[in-house]
Amino acid sequence: MLASFDKCMVGVIRFAGETPWERHPGDELLYVVEGAVDVTVLSEAGRRQATVGQGEIFVVPRHCWHRQQAQRSVSLMFVTPADGTDASRAEDPRRA
């Protein structure tokens with residue numbers, strides 16, 4: 001974590017592979033600093049996937065389960081609500 005901003009934490013992470021599912025009580029902003037990442041979002045309307053590349057921003061809507069997958073190393077900055085995050089490794093956390 002780099003800082004806090006309006007009850008959110010601001011940080012930068014570098015990873016490859018798949019993150020666990022998570023959801024937050026507020027929107028989450030993802031900014032890809034280097035590389036690319038596939039973001040999957042589960043909502044009432046179904047599953048949505050987007051590839052976010054270097055210099056692009058993706059906003060994850062509040063209360064939606066989501067995860068990221070990077071085939072190669074990716075660096076991204078995030079602005080995430082500091083409290084109230086849920087995490088899951090279930091195949092579909094909406095049913096867990």
# chains A, B, ... in the order shown; residues from 1 in each chain; ligands from 1
call {"tool": "closest_atom_pairs", "arguments": {"of": "region 20-72 of chain A", "to": "region 84-90 of chain A", "cutoff": "7 Å", "atoms": "only C-alpha atoms", "output": "CSV"}}
result
residue,atom,partner,partner_atom,distance
A:Pro20,CA,A:Arg89,CA,5.3
A:Trp21,CA,A:Ser88,CA,5.1
A:Glu22,CA,A:Ala87,CA,4.2
A:Arg23,CA,A:Asp86,CA,5.4
A:His24,CA,A:Thr85,CA,4.6
A:Pro25,CA,A:Gly84,CA,6.1
call {"tool": "residues_around", "arguments": {"residues": "Ala70 (chain A)", "least_positions_apart": "4", "cutoff": "6 Å", "atoms": "only C-alpha atoms", "output": "compact mmCIF listing (two decimals) with N, CA and C atoms, in the first residue's frame"}}
result
# COMPACT_ATOMS: atom_id res chain seq x y z
N ALA A 16 2.09 -12.44 -11.70
CA ALA A 16 1.73 -13.27 -12.86
C ALA A 16 0.87 -14.39 -12.30
N GLY A 17 -0.07 -14.86 -13.11
CA GLY A 17 -0.96 -15.93 -12.66
C GLY A 17 -2.33 -15.37 -12.34
N VAL A 37 -3.58 -7.56 -18.33
CA VAL A 37 -4.26 -8.45 -17.41
C VAL A 37 -5.69 -8.68 -17.89
call {"tool": "select_by_dssp", "arguments": {"residues": "chain A", "states": "strand (DSSP E)", "output": "ChimeraX atom specification"}}
result
/A:3-5,8-18,21-23,28-34,36-43,46-53,57-60,65-81,86-88
call {"tool": "atom_distance", "arguments": {"atom1": "CA of Ala36 (chain A)", "atom2": "CA of Ala96 (chain A)"}}
result
29.0 Å
call {"tool": "residues_around", "arguments": {"residues": "region 73-78 of chain A", "least_positions_apart": "4", "cutoff": "10 Å", "atoms": "only C-alpha atoms", "output": "VMD selection string"}}
result
chain A and resid 1 to 2 8 to 17 28 to 37 53 to 59 69
call {"tool": "atom_distance", "arguments": {"atom1": "CA of Asp92 (chain A)", "atom2": "CA of Ala50 (chain A)"}}
result
17.8 Å
call {"tool": "atom_distance", "arguments": {"atom1": "CA of Thr51 (chain A)", "atom2": "CA of Pro93 (chain A)"}}
result
21.3 Å
call {"tool": "closest_residue", "arguments": {"among": "A:Arg47, A:Thr40, A:Thr80, A:Gln71", "to": "Ala3 (chain A)", "atoms": "only C-alpha atoms"}}
result
A:Thr80
